[in-house]
file model16.tsv (TSV, C-alpha atoms)
chain	number	residue	atom	x	y	z
A	223	MET	CA	125.64	81.73	74.05
A	224	THR	CA	126.01	82.76	77.68
A	225	SER	CA	125.26	80.77	80.82
A	226	VAL	CA	122.92	81.85	83.58
A	227	TYR	CA	125.34	80.29	86.09
A	228	ARG	CA	128.48	81.91	87.47
A	229	SER	CA	130.28	78.55	87.67
A	230	GLU	CA	129.74	74.81	87.39
A	231	GLN	CA	129.58	74.62	91.17
A	232	ALA	CA	126.82	77.26	91.13
A	233	ARG	CA	124.86	75.22	88.58
A	234	ALA	CA	125.15	72.12	90.77
A	235	GLU	CA	124.00	74.05	93.86
A	236	VAL	CA	120.90	75.38	92.09
A	237	ARG	CA	120.10	71.97	90.63
A	238	ARG	CA	120.39	70.32	94.06
A	239	TRP	CA	118.04	72.90	95.62
A	240	CYS	CA	115.41	72.27	92.93
A	241	LEU	CA	115.70	68.48	93.09
A	242	ASP	CA	115.47	68.45	96.88
A	243	ARG	CA	112.32	70.56	96.78
A	244	ILE	CA	110.64	68.39	94.14
A	245	GLU	CA	111.63	65.16	95.89
A	246	GLY	CA	110.38	66.54	99.21
A	247	SER	CA	107.01	67.27	97.61
A	248	GLY	CA	106.50	63.64	96.60
A	249	LEU	CA	106.57	64.53	92.89
A	250	ALA	CA	109.98	63.08	92.03
A	251	GLY	CA	108.29	60.43	89.87
A	252	ALA	CA	106.57	63.16	87.83
A	253	ARG	CA	109.90	64.66	86.73
A	254	SER	CA	111.57	63.90	83.41
A	255	GLU	CA	113.77	65.51	80.76
A	256	VAL	CA	113.39	65.99	77.02
A	257	MET	CA	116.03	67.01	74.51
A	258	THR	CA	115.54	70.09	72.30
A	259	SER	CA	117.79	72.20	70.11
A	260	ALA	CA	118.23	74.42	73.19
A	261	GLY	CA	119.55	71.45	75.16
A	262	VAL	CA	117.96	69.46	77.97
A	263	THR	CA	114.58	70.70	79.22
A	264	GLY	CA	113.34	69.79	82.68
A	265	VAL	CA	109.70	68.69	82.71
A	266	LEU	CA	107.28	68.04	85.56
A	267	VAL	CA	103.96	66.40	84.60
A	268	THR	CA	101.19	65.52	87.05
A	269	GLY	CA	97.40	65.27	87.19
A	270	PRO	CA	94.85	63.11	85.35
A	271	LYS	CA	95.42	62.28	81.72
A	272	PRO	CA	93.26	64.57	79.53
A	273	ARG	CA	90.03	63.17	78.15
A	274	ALA	CA	89.42	63.39	74.42
A	275	GLY	CA	89.03	67.03	73.41
A	276	GLN	CA	90.35	68.33	76.73
A	277	PRO	CA	93.58	70.37	76.65
A	278	ALA	CA	96.41	69.85	79.09
A	279	VAL	CA	97.85	72.87	80.90
A	280	VAL	CA	101.48	73.82	80.27
A	281	LEU	CA	102.96	76.23	82.80
A	282	LEU	CA	105.93	78.44	81.87
A	283	PRO	CA	107.52	80.15	84.91
A	284	GLY	CA	109.00	83.63	84.76
A	285	THR	CA	112.50	85.04	85.18
A	286	ASN	CA	114.53	83.21	87.86
A	287	MET	CA	111.66	80.78	88.51
A	288	ASN	CA	111.06	77.12	87.71
A	289	ALA	CA	108.90	74.08	88.49
A	290	ALA	CA	110.35	73.72	91.99
A	291	LEU	CA	108.98	77.19	92.85
A	292	CYS	CA	105.51	76.53	91.38
A	293	LEU	CA	104.49	73.43	93.33
A	294	PRO	CA	101.47	74.87	95.22
A	295	VAL	CA	99.72	76.10	92.08
A	296	VAL	CA	100.75	72.93	90.21
A	297	ARG	CA	99.07	70.81	92.88
A	298	ALA	CA	95.95	72.96	92.69
A	299	ILE	CA	95.66	72.62	88.90
A	300	ALA	CA	96.48	68.90	89.01
A	301	ARG	CA	93.44	68.22	91.17
A	302	GLU	CA	91.35	68.86	88.05
A	303	ARG	CA	93.48	68.36	84.93
A	304	GLN	CA	96.92	67.40	83.71
A	305	VAL	CA	99.57	70.10	84.10
A	306	ALA	CA	103.12	70.13	82.77
A	307	VAL	CA	105.73	72.64	83.94
A	308	LEU	CA	108.66	73.36	81.64
A	309	ASP	CA	111.78	74.94	83.13
A	310	LEU	CA	112.92	77.62	80.69
A	311	PRO	CA	116.43	77.14	79.30
A	312	GLY	CA	118.75	79.98	80.24
A	313	GLN	CA	117.00	80.37	83.61
A	314	PRO	CA	118.03	78.79	86.94
A	315	GLY	CA	116.45	75.36	87.28
A	316	LEU	CA	116.63	71.92	85.71
A	317	SER	CA	116.98	72.91	82.03
A	318	GLU	CA	120.06	73.84	80.03
A	319	GLY	CA	121.59	77.00	81.50
A	320	ARG	CA	122.78	78.65	78.28
A	321	ARG	CA	120.83	81.28	76.34
A	322	PRO	CA	121.68	83.32	73.23
A	323	ARG	CA	122.89	86.89	73.47
A	324	THR	CA	120.62	88.09	70.63
A	325	ARG	CA	117.25	87.14	69.08
A	326	ARG	CA	116.35	85.49	72.36
A	327	MET	CA	112.56	85.47	71.98
A	328	SER	CA	112.53	83.77	68.58
A	329	TRP	CA	114.91	81.19	70.09
A	330	TYR	CA	112.49	80.66	72.99
A	331	GLY	CA	109.58	80.32	70.56
A	332	ARG	CA	111.33	77.51	68.67
A	333	TRP	CA	112.31	75.83	71.92
A	334	LEU	CA	108.73	75.81	73.21
A	335	GLY	CA	107.39	74.24	70.02
A	336	GLU	CA	109.95	71.44	70.29
A	337	ALA	CA	109.40	70.92	74.02
A	338	LEU	CA	105.62	70.69	73.60
A	339	ALA	CA	105.95	68.12	70.81
A	340	HIS	CA	108.18	65.92	72.99
A	341	ALA	CA	106.60	66.34	76.41
A	342	VAL	CA	102.86	67.00	75.99
A	343	PRO	CA	101.01	65.27	73.16
A	344	GLY	CA	97.69	66.76	72.19
A	345	PRO	CA	96.18	70.25	72.57
A	346	VAL	CA	97.48	72.53	75.32
A	347	VAL	CA	96.61	75.77	77.04
A	348	VAL	CA	99.88	77.53	77.82
A	349	VAL	CA	99.90	79.49	81.08
A	350	GLY	CA	102.87	81.85	81.07
A	351	HIS	CA	103.97	84.07	83.95
A	352	SER	CA	106.04	87.19	83.21
A	353	LEU	CA	108.89	86.02	80.91
A	354	GLY	CA	106.93	82.78	80.44
A	355	GLY	CA	104.06	84.78	78.99
A	356	ALA	CA	106.35	86.37	76.40
A	357	VAL	CA	107.66	82.91	75.50
A	358	ALA	CA	104.08	81.66	75.08
A	359	LEU	CA	103.40	84.54	72.69
A	360	ALA	CA	106.62	83.93	70.76
A	361	CYS	CA	105.56	80.37	69.87
A	362	ASP	CA	103.15	79.50	67.04
A	363	ALA	CA	102.98	75.73	67.69
A	364	PRO	CA	99.67	74.31	66.41
A	365	GLN	CA	99.23	72.41	69.70
A	366	ILE	CA	98.48	75.68	71.48
A	367	VAL	CA	94.71	76.19	71.62
A	368	GLY	CA	94.81	78.99	74.17
A	369	ARG	CA	97.09	81.21	76.24
A	370	VAL	CA	96.67	82.51	79.78
A	371	LEU	CA	99.12	85.37	80.29
A	372	LEU	CA	99.89	86.17	83.93
A	373	SER	CA	101.57	89.56	84.40
A	374	SER	CA	103.03	88.89	80.99
A	375	ALA	CA	106.11	90.42	79.45
A	376	GLY	CA	106.23	90.84	75.68
A	377	ILE	CA	103.15	93.09	75.40
A	378	VAL	CA	104.39	96.40	76.81
A	379	ARG	CA	107.72	97.48	78.27
A	380	LEU	CA	108.11	96.66	81.96
A	381	ARG	CA	108.54	99.52	84.43
A	382	VAL	CA	111.07	99.38	87.27
A	383	PRO	CA	109.85	101.68	90.07
A	384	ALA	CA	112.39	103.38	92.31
A	385	THR	CA	111.23	101.29	95.28
A	386	VAL	CA	112.04	98.06	93.44
A	387	LEU	CA	115.36	99.41	92.20
A	388	ALA	CA	116.28	100.45	95.74
A	389	ALA	CA	115.75	96.85	96.91
A	390	THR	CA	117.48	95.34	93.85
A	391	VAL	CA	120.85	97.07	94.22
A	392	PRO	CA	121.61	95.73	97.74
A	393	TRP	CA	120.48	92.26	96.60
A	394	LEU	CA	122.88	92.36	93.67
A	395	LEU	CA	125.78	93.58	95.85
A	396	ARG	CA	125.27	91.05	98.66
A	397	PRO	CA	122.30	88.69	98.24
A	398	THR	CA	121.51	87.75	101.83
A	399	PRO	CA	118.17	86.11	102.71
A	400	ALA	CA	117.01	89.36	104.35
A	401	ARG	CA	117.84	91.46	101.29
A	402	SER	CA	116.30	88.87	98.99
A	403	THR	CA	113.10	88.82	101.05
A	404	ALA	CA	112.96	92.62	100.91
A	405	LEU	CA	113.21	92.47	97.11
A	406	VAL	CA	110.49	89.83	96.84
A	407	ARG	CA	108.17	91.92	99.02
A	408	ARG	CA	108.61	94.88	96.66
A	409	MET	CA	107.31	92.69	93.83
A	410	ALA	CA	104.21	91.67	95.78
A	411	ALA	CA	101.14	93.51	97.01
A	412	PRO	CA	101.51	95.54	100.22
A	413	GLY	CA	101.22	93.62	103.47
A	414	GLU	CA	102.93	90.77	105.27
A	415	GLY	CA	102.53	87.10	104.42
A	416	ARG	CA	101.77	87.64	100.74
A	417	VAL	CA	104.47	85.28	99.46
A	418	PRO	CA	106.08	82.08	100.80
A	419	GLY	CA	109.17	82.53	102.96
A	420	GLU	CA	111.24	80.17	100.82
A	421	LEU	CA	111.23	82.72	97.98
A	422	GLY	CA	113.68	84.83	99.99
A	423	GLU	CA	115.94	81.81	100.43
A	424	TRP	CA	115.69	81.01	96.72
A	425	MET	CA	116.45	84.54	95.56
A	426	ALA	CA	119.50	84.64	97.82
A	427	LEU	CA	120.71	81.48	96.09
A	428	VAL	CA	120.00	83.00	92.67
A	429	GLY	CA	121.89	86.16	93.60
A	430	ARG	CA	124.96	84.16	94.63
A	431	CYS	CA	124.93	81.64	91.79
A	432	CYS	CA	123.32	83.26	88.76
A	433	ARG	CA	123.40	86.14	86.31
A	434	SER	CA	119.81	87.32	86.21
A	435	SER	CA	118.43	88.22	82.77
A	436	LEU	CA	116.56	91.41	81.95
A	437	ALA	CA	112.91	91.45	80.91
A	438	PRO	CA	112.41	91.18	77.15
A	439	PRO	CA	111.17	94.18	75.17
A	440	PRO	CA	107.67	94.07	73.64
A	441	LEU	CA	107.30	91.55	70.84
A	442	PRO	CA	106.86	92.93	67.29
A	443	PRO	CA	103.34	94.28	66.60
A	444	GLY	CA	102.97	92.02	63.55
A	445	LEU	CA	103.68	88.92	65.61
A	446	LEU	CA	101.20	89.94	68.30
A	447	GLN	CA	98.61	90.57	65.58
A	448	LEU	CA	99.05	86.96	64.41
A	449	ARG	CA	98.53	85.67	67.96
A	450	ARG	CA	94.97	87.03	67.94
A	451	SER	CA	93.95	83.86	66.06
A	452	VAL	CA	94.25	81.85	69.32
A	453	PRO	CA	92.05	82.71	72.34
A	454	THR	CA	93.94	84.57	75.05
A	455	LEU	CA	93.25	85.61	78.64
A	456	ALA	CA	95.46	88.31	80.16
A	457	VAL	CA	95.65	88.63	83.96
A	458	SER	CA	97.34	91.25	86.14
A	459	GLY	CA	97.72	91.84	89.87
A	460	ARG	CA	96.20	95.07	91.13
A	461	TYR	CA	99.54	96.09	92.70
A	462	ASP	CA	101.94	94.78	90.06
A	463	PRO	CA	104.90	97.21	90.15
A	464	PHE	CA	106.25	96.17	86.74
A	465	LEU	CA	103.06	95.78	84.73
A	466	PRO	CA	100.23	97.60	86.55
A	467	PRO	CA	96.76	97.11	85.07
A	468	GLN	CA	96.58	100.73	83.93
A	469	VAL	CA	99.65	100.08	81.75
A	470	LEU	CA	99.17	96.43	80.74
A	471	GLY	CA	95.44	96.85	80.08
A	472	PRO	CA	95.64	99.38	77.21
A	473	GLY	CA	98.59	97.50	75.72
A	474	ALA	CA	96.79	94.15	75.74
A	475	ARG	CA	93.67	95.76	74.29
A	476	ARG	CA	95.57	97.48	71.49
A	477	ARG	CA	98.05	94.74	70.61
A	478	LEU	CA	96.16	91.51	71.36
A	479	GLY	CA	92.52	92.64	71.29
A	480	VAL	CA	91.85	91.34	74.82
A	481	GLU	CA	90.85	92.89	78.13
A	482	VAL	CA	92.91	92.30	81.28
A	483	ARG	CA	91.39	90.53	84.26
A	484	VAL	CA	92.62	92.14	87.48
A	485	ILE	CA	93.27	90.12	90.65
A	486	ASP	CA	92.81	92.25	93.75
A	487	GLY	CA	95.28	91.80	96.59
A	488	ALA	CA	98.11	90.64	94.31
A	489	GLY	CA	101.25	92.13	92.83
A	490	HIS	CA	103.57	90.64	90.23
A	491	LEU	CA	103.99	87.21	91.84
A	492	LEU	CA	100.56	85.87	90.96
A	493	LEU	CA	101.50	82.18	91.20
A	494	ASP	CA	102.64	82.69	94.80
A	495	GLU	CA	100.28	85.41	96.01
A	496	SER	CA	96.99	84.19	94.51
A	497	PRO	CA	97.23	80.53	93.44
A	498	GLU	CA	93.49	79.93	93.90
A	499	ALA	CA	92.60	82.96	91.77
A	500	VAL	CA	94.99	81.70	89.09
A	501	LEU	CA	93.38	78.26	89.32
A	502	GLY	CA	89.94	79.80	88.86
A	503	ALA	CA	91.04	81.73	85.78
A	504	VAL	CA	92.71	78.67	84.26
A	505	ARG	CA	89.71	76.45	85.06
A	506	GLU	CA	87.26	78.82	83.40
A	507	PHE	CA	89.46	79.37	80.37
A	508	CYS	CA	90.20	75.67	79.81
A	509	ALA	CA	86.53	74.74	80.10
A	510	ALA	CA	85.82	76.99	77.12
A	511	ARG	CA	88.60	75.28	75.13
A	512	THR	CA	87.24	71.74	75.63
A	513	THR	CA	85.62	70.29	72.53
A	514	ASP	CA	83.05	67.51	72.32
A	515	THR	CA	83.99	64.43	70.32
call {"tool": "encode", "arguments": {"input": "model16.tsv", "output": "structure tokens"}}
result
Amino acid sequence: MTSVYRSEQARAEVRRWCLDRIEGSGLAGARSEVMTSAGVTGVLVTGPKPRAGQPAVVLLPGTNMNAALCLPVVRAIARERQVAVLDLPGQPGLSEGRRPRTRRMSWYGRWLGEALAHAVPGPVVVVGHSLGGAVALACDAPQIVGRVLLSSAGIVRLRVPATVLAATVPWLLRPTPARSTALVRRMAAPGEGRVPGELGEWMALVGRCCRSSLAPPPLPPGLLQLRRSVPTLAVSGRYDPFLPPQVLGPGARRRLGVEVRVIDGAGHLLLDESPEAVLGAVREFCAARTTDT
């Protein structure tokens, strides 16, 4: 096992940032922890309790992200239905910081099944962004009645354009807020004001305190074939530099049997750039998963 954190002090600094943000949002009472074989998992649950036959939404953030970074879209979803955010272990946040060196996706799949059983009773629609989408696909828990995959890893190999690489190297060498903001902007659609300013501050903290993980390779074709048994919606930003629609679309069609819905005016950071469009996709998808009793 290896830790995402460079030191214990770094872990404490990241944890304090996340707790301060959640407490400042008024959602401190919605936060809890559950124990899994991967260690402690941070959980944030808010919104109305599901009616009979109605699935809850479980949100899995992507690489270097967590519940504290997803609060705007969490609030939007919680206006209509219960939503739980699980901080991924091995990523900076409020879950265990260690992750295995090998067979990481099968480990994440087991972890998600355990976390769902402890934290969210009843049927769930898992909404996974980037790495979170790959984790959603890696899990075969019977609670999962649907998946919404937002710019999801695990389907095709991610690209790293030269423009993103050019912004990544300075961030790795000296992660200042300005360099971190420049990197975040390369992940988003062109134009100013696409993503919240605090993402630059957060990524500077991550650069100082954490060892960022690489994107996972595509999941095995046989596993993806099995996932066709559960309804899936794949979503991509028009300007996603890592998983552009012209790359993700054919892969999702071939490997999962689904078409990709494209969100105009968005890049890779769908939860930050287009929270209302994400809410609309989740609302529509969950309505089709509700059963009468």
call {"tool": "residues_around", "arguments": {"input": "model16.tsv", "residues": "Arg233 in chain A", "least_positions_apart": "5", "cutoff": "9 Å", "atoms": "only C-alpha atoms", "output": "PyMOL selection string"}}
result
chain A and resi 226-228+238+314-315+319+431-432
call {"tool": "closest_residue", "arguments": {"input": "model16.tsv", "among": "A:Val378, A:Ala298, A:Val482, A:Leu441", "to": "Gly331 in chain A", "atoms": "all atoms listed in the file"}}
result
A:Leu441
call {"tool": "residues_around", "arguments": {"input": "model16.tsv", "residues": "Arg476 in chain A", "least_positions_apart": "4", "cutoff": "12 Å", "atoms": "only C-alpha atoms", "output": "ChimeraX atom specification"}}
result
/A:377-378,443,446-447,450,469-472,480-482
call {"tool": "residues_around", "arguments": {"input": "model16.tsv", "residues": "Leu501 in chain A", "least_positions_apart": "6", "cutoff": "10 Å", "atoms": "all atoms listed in the file", "output": "PDB file with C-alpha atoms, in the frame of the given file"}}
result
ATOM      1  CA  VAL A 295      99.720  76.100  92.080  1.00  0.00           C
ATOM      2  CA  VAL A 296     100.750  72.930  90.210  1.00  0.00           C
ATOM      3  CA  ALA A 298      95.950  72.960  92.690  1.00  0.00           C
ATOM      4  CA  ILE A 299      95.660  72.620  88.900  1.00  0.00           C
ATOM      5  CA  ALA A 300      96.480  68.900  89.010  1.00  0.00           C
ATOM      6  CA  GLU A 302      91.350  68.860  88.050  1.00  0.00           C
ATOM      7  CA  LEU A 493     101.500  82.180  91.200  1.00  0.00           C
ATOM      8  CA  PHE A 507      89.460  79.370  80.370  1.00  0.00           C
TER       9      PHE A 507
END
call {"tool": "closest_residue", "arguments": {"input": "model16.tsv", "among": "A:Ala426, A:Ile244, A:Met409, A:Val457", "to": "Val349 in chain A", "atoms": "all atoms listed in the file"}}
result
A:Val457
call {"tool": "closest_residue", "arguments": {"input": "model16.tsv", "among": "A:Thr258, A:Thr398, A:Ser458, A:Asn286", "to": "Val484 in chain A", "atoms": "all atoms listed in the file"}}
result
A:Ser458
call {"tool": "decode", "arguments": {"input": "model16.tsv", "residues": "range 234-270 of chain A", "atoms": "C-alpha atoms", "output": "PDB file, in the first residue's frame"}}
result
ATOM      1  CA  ALA A 234      -3.861  16.869   8.521  1.00  0.00           C
ATOM      2  CA  GLU A 235      -3.701  19.999   6.348  1.00  0.00           C
ATOM      3  CA  VAL A 236      -5.883  18.453   3.640  1.00  0.00           C
ATOM      4  CA  ARG A 237      -8.346  17.115   6.194  1.00  0.00           C
ATOM      5  CA  ARG A 238      -8.640  20.536   7.857  1.00  0.00           C
ATOM      6  CA  TRP A 239      -9.321  22.224   4.487  1.00  0.00           C
ATOM      7  CA  CYS A 240     -12.110  19.752   3.705  1.00  0.00           C
ATOM      8  CA  LEU A 241     -13.689  19.952   7.160  1.00  0.00           C
ATOM      9  CA  ASP A 242     -13.626  23.754   7.151  1.00  0.00           C
ATOM     10  CA  ARG A 243     -15.350  23.852   3.776  1.00  0.00           C
ATOM     11  CA  ILE A 244     -18.064  21.379   4.793  1.00  0.00           C
ATOM     12  CA  GLU A 245     -18.645  23.107   8.136  1.00  0.00           C
ATOM     13  CA  GLY A 246     -18.819  26.483   6.399  1.00  0.00           C
ATOM     14  CA  SER A 247     -21.515  25.135   4.090  1.00  0.00           C
ATOM     15  CA  GLY A 248     -23.799  24.221   6.989  1.00  0.00           C
ATOM     16  CA  LEU A 249     -23.577  20.502   6.159  1.00  0.00           C
ATOM     17  CA  ALA A 250     -21.381  19.420   9.067  1.00  0.00           C
ATOM     18  CA  GLY A 251     -24.293  17.434  10.513  1.00  0.00           C
ATOM     19  CA  ALA A 252     -24.614  15.478   7.247  1.00  0.00           C
ATOM     20  CA  ARG A 253     -21.066  14.113   7.534  1.00  0.00           C
ATOM     21  CA  SER A 254     -20.229  10.690   8.944  1.00  0.00           C
ATOM     22  CA  GLU A 255     -17.728   7.859   8.548  1.00  0.00           C
ATOM     23  CA  VAL A 256     -18.096   4.150   7.858  1.00  0.00           C
ATOM     24  CA  MET A 257     -15.490   1.429   8.196  1.00  0.00           C
ATOM     25  CA  THR A 258     -14.585  -0.792   5.221  1.00  0.00           C
ATOM     26  CA  SER A 259     -11.761  -3.182   4.422  1.00  0.00           C
ATOM     27  CA  ALA A 260     -10.062  -0.181   2.764  1.00  0.00           C
ATOM     28  CA  GLY A 261     -10.213   1.741   6.041  1.00  0.00           C
ATOM     29  CA  VAL A 262     -12.360   4.689   7.075  1.00  0.00           C
ATOM     30  CA  THR A 263     -14.608   6.170   4.373  1.00  0.00           C
ATOM     31  CA  GLY A 264     -15.875   9.732   4.643  1.00  0.00           C
ATOM     32  CA  VAL A 265     -19.581  10.049   3.824  1.00  0.00           C
ATOM     33  CA  LEU A 266     -21.796  13.080   3.281  1.00  0.00           C
ATOM     34  CA  VAL A 267     -25.554  12.401   3.083  1.00  0.00           C
ATOM     35  CA  THR A 268     -28.213  15.070   2.555  1.00  0.00           C
ATOM     36  CA  GLY A 269     -31.620  15.495   0.938  1.00  0.00           C
ATOM     37  CA  PRO A 270     -35.029  13.891   1.539  1.00  0.00           C
TER      38      PRO A 270
END
